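Quick look at start13.txt (compact mmCIF, C-alpha atoms):
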```txt
# COMPACT_ATOMS: atom_id res chain seq x y z
CA THR R 1 -15.04 10.55 -3.83
CA VAL R 2 -14.09 6.95 -4.64
CA GLU R 3 -17.50 5.69 -3.53
CA LYS R 4 -19.19 8.13 -5.94
CA LEU R 5 -16.80 7.19 -8.72
CA VAL R 6 -17.57 3.49 -8.26
CA SER R 7 -21.31 4.10 -8.33
CA LEU R 8 -21.51 6.85 -11.00
CA CYS R 9 -18.73 6.30 -13.54
CA PRO R 10 -19.68 4.06 -16.51
CA TRP R 11 -16.09 2.83 -16.95
CA THR R 12 -15.76 1.95 -13.26
CA ALA R 13 -19.17 0.26 -13.29
CA ARG R 14 -17.71 -2.33 -15.68
CA MET R 15 -14.60 -2.94 -13.56
CA ASP R 16 -14.14 -5.86 -11.21
CA VAL R 17 -11.67 -6.18 -8.36
CA THR R 18 -9.41 -8.54 -10.32
CA MET R 19 -8.97 -5.95 -13.07
CA LEU R 20 -8.26 -3.25 -10.49
CA LEU R 21 -5.66 -5.35 -8.72
CA ARG R 22 -3.89 -5.88 -12.04
CA PHE R 23 -3.76 -2.10 -12.49
CA THR R 24 -2.44 -1.85 -8.93
CA GLN R 25 0.38 -4.26 -9.77
CA ASP R 26 1.38 -2.06 -12.70
CA GLU R 27 1.29 1.06 -10.54
CA CYS R 28 3.39 -0.65 -7.87
CA GLN R 29 6.00 -1.49 -10.50
CA GLU R 30 6.01 2.12 -11.68
CA ALA R 31 6.48 3.30 -8.08
CA LEU R 32 9.38 0.86 -7.69
CA ASP R 33 10.94 2.23 -10.86
CA GLU R 34 10.79 5.76 -9.41
CA ILE R 35 12.31 4.56 -6.11
CA HIS R 36 15.17 2.93 -8.02
CA ALA R 37 15.69 6.13 -10.00
CA LEU R 38 15.86 8.18 -6.79
CA SER R 39 18.24 5.68 -5.21
CA SER R 40 20.56 5.76 -8.20
CA LEU R 41 20.59 9.56 -8.17
CA SER R 42 23.07 9.59 -5.29
CA GLU R 43 25.51 7.70 -7.53
CA ALA R 44 24.92 10.25 -10.28
CA ARG R 45 25.68 13.11 -7.86
CA ASN R 46 29.28 11.93 -7.87
CA ALA R 47 29.39 11.92 -11.66
CA VAL R 48 29.27 14.84 -14.06
CA GLN R 49 26.21 16.65 -12.74
CA THR R 50 26.43 19.96 -11.00
CA PRO R 51 24.79 20.11 -7.56
CA GLN R 52 22.03 22.29 -9.04
CA ASP R 53 21.29 19.72 -11.78
CA ALA R 54 21.24 16.91 -9.25
CA ASP R 55 18.84 18.85 -7.00
CA ALA R 56 16.53 19.57 -9.95
CA ASN R 57 16.60 15.92 -11.02
CA GLU R 58 15.85 14.81 -7.47
CA ALA R 59 12.85 17.15 -7.28
CA VAL R 60 11.46 15.77 -10.55
CA LEU R 61 11.98 12.17 -9.43
CA ARG R 62 10.50 12.86 -6.01
CA GLN R 63 7.37 14.33 -7.63
CA ALA R 64 7.15 11.32 -9.96
CA LEU R 65 7.31 8.98 -6.94
CA ILE R 66 4.61 10.96 -5.16
CA SER R 67 2.44 10.69 -8.26
CA GLU R 68 2.98 6.93 -8.63
CA LEU R 69 2.28 6.27 -4.95
CA GLY R 70 -0.88 8.34 -5.35
CA ASP R 71 -1.87 6.00 -8.19
CA VAL R 72 -1.21 2.97 -5.97
CA MET R 73 -3.37 4.45 -3.22
CA PHE R 74 -6.13 5.40 -5.64
CA ASP R 75 -6.19 1.92 -7.19
CA THR R 76 -6.25 0.35 -3.73
CA PHE R 77 -9.23 2.46 -2.67
CA MET R 78 -10.96 1.62 -5.94
CA ALA R 79 -10.35 -2.10 -5.36
CA VAL R 80 -11.79 -1.83 -1.83
CA PHE R 81 -14.99 -0.16 -3.01
CA ILE R 82 -15.43 -2.39 -6.06
CA ALA R 83 -14.92 -5.56 -3.99
CA ALA R 84 -17.41 -4.23 -1.43
CA ARG R 85 -19.88 -3.49 -4.20
CA ASP R 86 -19.46 -6.87 -5.90
CA TYR R 87 -19.29 -9.05 -2.80
CA GLY R 88 -21.71 -7.28 -0.50
CA PHE R 89 -19.76 -5.93 2.44
CA GLU R 90 -18.99 -2.51 3.84
CA PRO R 91 -15.60 -1.00 2.88
CA ALA R 92 -15.06 -0.15 6.54
CA ARG R 93 -14.61 -3.86 7.24
CA ILE R 94 -11.40 -3.85 5.19
CA TYR R 95 -10.02 -0.87 7.10
CA GLU R 96 -10.95 -2.52 10.41
CA SER R 97 -9.22 -5.71 9.28
CA ALA R 98 -6.05 -3.78 8.47
CA VAL R 99 -6.05 -2.05 11.88
CA ILE R 100 -6.54 -5.39 13.66
CA LYS R 101 -3.64 -6.89 11.72
CA ILE R 102 -1.30 -3.97 12.34
CA ARG R 103 -2.06 -3.78 16.04
CA GLY R 104 -2.03 -7.53 16.49
CA ARG R 105 1.34 -7.90 14.77
CA THR R 106 3.09 -5.02 16.55
CA PRO R 107 2.44 -5.59 20.27
CA TYR R 108 5.63 -3.66 21.08
CA ILE R 109 4.07 -0.33 20.01
CA ALA R 110 3.20 1.47 23.24
CA ALA R 111 0.00 3.08 21.94
CA TRP R 112 -1.77 -0.31 21.65
CA GLY R 113 0.73 -2.95 22.66
CA ASP R 114 1.21 -5.31 25.54
CA GLY R 115 4.37 -3.73 26.89
CA SER R 116 6.74 -6.05 25.07
CA LYS R 117 9.89 -4.57 23.61
CA VAL R 118 11.96 -5.09 20.48
CA GLU R 119 15.31 -3.48 19.83
CA THR R 120 16.17 -4.43 16.26
CA PRO R 121 14.43 -4.72 12.90
CA SER R 122 15.12 -8.47 13.05
CA GLU R 123 13.32 -8.79 16.40
CA ALA R 124 10.40 -6.75 15.07
CA LEU R 125 10.15 -9.01 12.02
CA SER R 126 10.22 -12.14 14.19
CA VAL R 127 7.41 -10.79 16.37
CA TRP R 128 5.44 -9.78 13.25
CA LYS R 129 5.76 -13.27 11.75
CA ALA R 130 4.85 -15.03 15.01
CA CYS R 131 1.81 -12.82 15.59
CA LYS R 132 0.72 -13.24 11.97
CA ALA R 133 0.91 -17.04 12.32
CA VAL R 134 -1.30 -16.86 15.42
CA GLN R 135 -3.81 -14.61 13.60
CA ILE R 136 -3.93 -16.95 10.61
CA ALA R 137 -4.33 -20.05 12.79
CA SER R 138 -7.10 -18.32 14.72
CA ALA R 139 -8.88 -17.29 11.51
CA ASN R 140 -8.54 -20.80 10.04
CA GLN R 141 -10.29 -22.42 12.98
CA TYR R 142 -13.55 -20.87 11.73
CA THR R 143 -13.26 -22.16 8.16
```
Would it be possible to restate this file's structure as structure tokens?
Amino acid sequence: TVEKLVSLCPWTARMDVTMLLRFTQDECQEALDEIHALSSLSEARNAVQTPQDADANEAVLRQALISELGDVMFDTFMAVFIAARDYGFEPARIYESAVIKIRGRTPYIAAWGDGSKVETPSEALSVWKACKAVQIASANQYT
């Protein structure tokens, strides 16, 4: 669907990846706003609202978050296809790059890892950062 949109839509034909990434920034901010609204709802539950009102508000905010995250995903896919169009590569290369990064930075995941273990979020973050540094250093040796 996105591939067809990029190739057939006159508005999209005029877009470049920089413009799309600016839209993506805006959509990310809107998603953050919805997350903050949902987070603050728990405080409001203790205020004047009835449980039914709070549940209805939560459903509305949850749907708004789903919508905003859908916009973020859509803009991201658009950026992938527009960059591929403008810079001459296959979109699949971006997806492959993401998989390599995720797997390379989480060796403690049994499905693809090396058998290493982490117990805490802090340990996972340390492993992520160390693996990322190795990936970046390895990539920089070719430039």
Selection as a PyMOL selection string: residues within 12 Å of (1.2, 3.0, -5.4), counting all atoms listed in the file: chain R and resi 21+23-35+64-77
Spatial neighbours of Glu3 of chain R, 12 Å, all atoms listed in the file, chain gap at least 4 places, as a PyMOL selection string: chain R and resi 7-9+12-13+74+77-85+90-92
For segment 131-141 of chain R: contacts at 9 Å, all atoms listed in the file, fewer than 4 positions along chain excluded, given as a list of chain:residue names: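 These residues fall inside the cut-off: R:Lys101, R:Gly104, R:Arg105, R:Thr106, R:Pro107, R:Ser126, R:Val127.
For the atom pair formed by atom CA of Arg93 of chain R and atom CA of Trp11 of chain R, the distance is 25.1 Å, given to one decimal.
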Point-to-point distance in Å for atom CA of Arg103 of chain R and atom CA of Lys117 of chain R: 14.2 Å
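Restricting the calculation to only C-alpha atoms, the smallest distance between Asp86 of chain R and any of R:Val17, R:Val2, R:Ile100, R:Ala130 is found for R:Val17.
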Coordinates-based distance that separates atom CA of Val99 of chain R from atom CA of Leu20 of chain R (Å, one decimal):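 We find that atom CA of Leu20 of chain R and atom CA of Val99 of chain R lie 22.5 Å from each other.
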Build an axis-aligned box that encloses every atom of segment 79-84 of chain R listed in the file, pad it by 6 Å on each side, and report its centre and edge lengths in Å to one decimal, as JSON.
```
{"center_x": -13.9, "center_y": -2.9, "center_z": -3.7, "size_x": 19.1, "size_y": 17.4, "size_z": 16.6}
```
Start from the incomplete input, build all heavy atoms for segment 101-112 of chain R, and deliver everything as a PDB file, keeping the file's coordinate frame.
```pdb
ATOM      1  N   LYS R 101      -4.894  -6.240  12.094  1.00  0.00           N
ATOM      2  CA  LYS R 101      -3.640  -6.890  11.720  1.00  0.00           C
ATOM      3  C   LYS R 101      -2.432  -6.091  12.203  1.00  0.00           C
ATOM      4  O   LYS R 101      -1.498  -6.647  12.782  1.00  0.00           O
ATOM      5  CB  LYS R 101      -3.564  -7.090  10.207  1.00  0.00           C
ATOM      6  CG  LYS R 101      -4.497  -8.173   9.725  1.00  0.00           C
ATOM      7  CD  LYS R 101      -4.477  -8.296   8.223  1.00  0.00           C
ATOM      8  CE  LYS R 101      -5.481  -9.355   7.805  1.00  0.00           C
ATOM      9  NZ  LYS R 101      -5.465  -9.614   6.377  1.00  0.00           N
ATOM     10  N   ILE R 102      -2.446  -4.793  11.948  1.00  0.00           N
ATOM     11  CA  ILE R 102      -1.300  -3.970  12.340  1.00  0.00           C
ATOM     12  C   ILE R 102      -1.108  -3.997  13.855  1.00  0.00           C
ATOM     13  O   ILE R 102      -0.006  -4.233  14.352  1.00  0.00           O
ATOM     14  CB  ILE R 102      -1.477  -2.520  11.842  1.00  0.00           C
ATOM     15  CG1 ILE R 102      -1.369  -2.487  10.320  1.00  0.00           C
ATOM     16  CG2 ILE R 102      -0.450  -1.588  12.483  1.00  0.00           C
ATOM     17  CD1 ILE R 102      -1.829  -1.188   9.693  1.00  0.00           C
ATOM     18  N   ARG R 103      -2.178  -3.786  14.581  1.00  0.00           N
ATOM     19  CA  ARG R 103      -2.060  -3.780  16.040  1.00  0.00           C
ATOM     20  C   ARG R 103      -1.709  -5.158  16.593  1.00  0.00           C
ATOM     21  O   ARG R 103      -0.907  -5.272  17.517  1.00  0.00           O
ATOM     22  CB  ARG R 103      -3.353  -3.262  16.667  1.00  0.00           C
ATOM     23  CG  ARG R 103      -3.530  -1.784  16.446  1.00  0.00           C
ATOM     24  CD  ARG R 103      -4.782  -1.263  17.092  1.00  0.00           C
ATOM     25  NE  ARG R 103      -4.826   0.180  16.938  1.00  0.00           N
ATOM     26  CZ  ARG R 103      -5.757   0.949  17.469  1.00  0.00           C
ATOM     27  NH1 ARG R 103      -6.735   0.414  18.170  1.00  0.00           N
ATOM     28  NH2 ARG R 103      -5.718   2.248  17.283  1.00  0.00           N
ATOM     29  N   GLY R 104      -2.293  -6.179  16.017  1.00  0.00           N
ATOM     30  CA  GLY R 104      -2.030  -7.530  16.490  1.00  0.00           C
ATOM     31  C   GLY R 104      -0.622  -8.009  16.203  1.00  0.00           C
ATOM     32  O   GLY R 104      -0.092  -8.867  16.914  1.00  0.00           O
ATOM     33  N   ARG R 105       0.007  -7.458  15.180  1.00  0.00           N
ATOM     34  CA  ARG R 105       1.340  -7.900  14.770  1.00  0.00           C
ATOM     35  C   ARG R 105       2.460  -7.005  15.288  1.00  0.00           C
ATOM     36  O   ARG R 105       3.636  -7.290  15.047  1.00  0.00           O
ATOM     37  CB  ARG R 105       1.407  -8.016  13.247  1.00  0.00           C
ATOM     38  CG  ARG R 105       0.449  -9.079  12.739  1.00  0.00           C
ATOM     39  CD  ARG R 105       0.378  -9.131  11.239  1.00  0.00           C
ATOM     40  NE  ARG R 105      -0.725  -9.997  10.817  1.00  0.00           N
ATOM     41  CZ  ARG R 105      -1.039 -10.251   9.575  1.00  0.00           C
ATOM     42  NH1 ARG R 105      -0.337  -9.715   8.595  1.00  0.00           N
ATOM     43  NH2 ARG R 105      -2.062 -11.038   9.285  1.00  0.00           N
ATOM     44  N   THR R 106       2.087  -5.931  15.988  1.00  0.00           N
ATOM     45  CA  THR R 106       3.090  -5.020  16.550  1.00  0.00           C
ATOM     46  C   THR R 106       2.775  -4.745  18.025  1.00  0.00           C
ATOM     47  O   THR R 106       2.551  -3.599  18.421  1.00  0.00           O
ATOM     48  CB  THR R 106       3.143  -3.694  15.761  1.00  0.00           C
ATOM     49  OG1 THR R 106       1.819  -3.119  15.743  1.00  0.00           O
ATOM     50  CG2 THR R 106       3.634  -3.912  14.340  1.00  0.00           C
ATOM     51  N   PRO R 107       2.786  -5.785  18.861  1.00  0.00           N
ATOM     52  CA  PRO R 107       2.440  -5.590  20.270  1.00  0.00           C
ATOM     53  C   PRO R 107       3.453  -4.740  21.037  1.00  0.00           C
ATOM     54  O   PRO R 107       3.174  -4.297  22.152  1.00  0.00           O
ATOM     55  CB  PRO R 107       2.391  -7.012  20.822  1.00  0.00           C
ATOM     56  CG  PRO R 107       3.322  -7.782  19.942  1.00  0.00           C
ATOM     57  CD  PRO R 107       3.154  -7.169  18.575  1.00  0.00           C
ATOM     58  N   TYR R 108       4.585  -4.464  20.440  1.00  0.00           N
ATOM     59  CA  TYR R 108       5.630  -3.660  21.080  1.00  0.00           C
ATOM     60  C   TYR R 108       5.414  -2.158  20.881  1.00  0.00           C
ATOM     61  O   TYR R 108       6.179  -1.348  21.400  1.00  0.00           O
ATOM     62  CB  TYR R 108       7.004  -4.068  20.531  1.00  0.00           C
ATOM     63  CG  TYR R 108       7.046  -4.149  19.029  1.00  0.00           C
ATOM     64  CD1 TYR R 108       7.263  -3.021  18.259  1.00  0.00           C
ATOM     65  CD2 TYR R 108       6.827  -5.364  18.383  1.00  0.00           C
ATOM     66  CE1 TYR R 108       7.266  -3.088  16.875  1.00  0.00           C
ATOM     67  CE2 TYR R 108       6.838  -5.442  16.998  1.00  0.00           C
ATOM     68  CZ  TYR R 108       7.055  -4.309  16.253  1.00  0.00           C
ATOM     69  OH  TYR R 108       7.056  -4.392  14.888  1.00  0.00           O
ATOM     70  N   ILE R 109       4.374  -1.754  20.163  1.00  0.00           N
ATOM     71  CA  ILE R 109       4.070  -0.330  20.010  1.00  0.00           C
ATOM     72  C   ILE R 109       3.262   0.112  21.225  1.00  0.00           C
ATOM     73  O   ILE R 109       2.180  -0.419  21.499  1.00  0.00           O
ATOM     74  CB  ILE R 109       3.281  -0.061  18.701  1.00  0.00           C
ATOM     75  CG1 ILE R 109       4.080  -0.515  17.485  1.00  0.00           C
ATOM     76  CG2 ILE R 109       2.884   1.410  18.587  1.00  0.00           C
ATOM     77  CD1 ILE R 109       5.386   0.219  17.253  1.00  0.00           C
ATOM     78  N   ALA R 110       3.789   1.084  21.947  1.00  0.00           N
ATOM     79  CA  ALA R 110       3.200   1.470  23.240  1.00  0.00           C
ATOM     80  C   ALA R 110       1.743   1.905  23.136  1.00  0.00           C
ATOM     81  O   ALA R 110       0.955   1.630  24.038  1.00  0.00           O
ATOM     82  CB  ALA R 110       4.044   2.587  23.863  1.00  0.00           C
ATOM     83  N   ALA R 111       1.357   2.546  22.059  1.00  0.00           N
ATOM     84  CA  ALA R 111       0.000   3.080  21.940  1.00  0.00           C
ATOM     85  C   ALA R 111      -1.069   1.996  22.016  1.00  0.00           C
ATOM     86  O   ALA R 111      -2.201   2.273  22.419  1.00  0.00           O
ATOM     87  CB  ALA R 111      -0.138   3.861  20.636  1.00  0.00           C
ATOM     88  N   TRP R 112      -0.768   0.759  21.623  1.00  0.00           N
ATOM     89  CA  TRP R 112      -1.770  -0.310  21.650  1.00  0.00           C
ATOM     90  C   TRP R 112      -1.198  -1.651  22.102  1.00  0.00           C
ATOM     91  O   TRP R 112      -1.903  -2.639  22.157  1.00  0.00           O
ATOM     92  CB  TRP R 112      -2.431  -0.490  20.286  1.00  0.00           C
ATOM     93  CG  TRP R 112      -1.458  -0.767  19.178  1.00  0.00           C
ATOM     94  CD1 TRP R 112      -0.798  -1.943  18.933  1.00  0.00           C
ATOM     95  CD2 TRP R 112      -1.027   0.129  18.184  1.00  0.00           C
ATOM     96  NE1 TRP R 112       0.021  -1.823  17.849  1.00  0.00           N
ATOM     97  CE2 TRP R 112      -0.119  -0.548  17.349  1.00  0.00           C
ATOM     98  CE3 TRP R 112      -1.331   1.463  17.886  1.00  0.00           C
ATOM     99  CZ2 TRP R 112       0.503   0.054  16.262  1.00  0.00           C
ATOM    100  CZ3 TRP R 112      -0.709   2.044  16.798  1.00  0.00           C
ATOM    101  CH2 TRP R 112       0.185   1.345  16.006  1.00  0.00           C
TER     102      TRP R 112
END
```
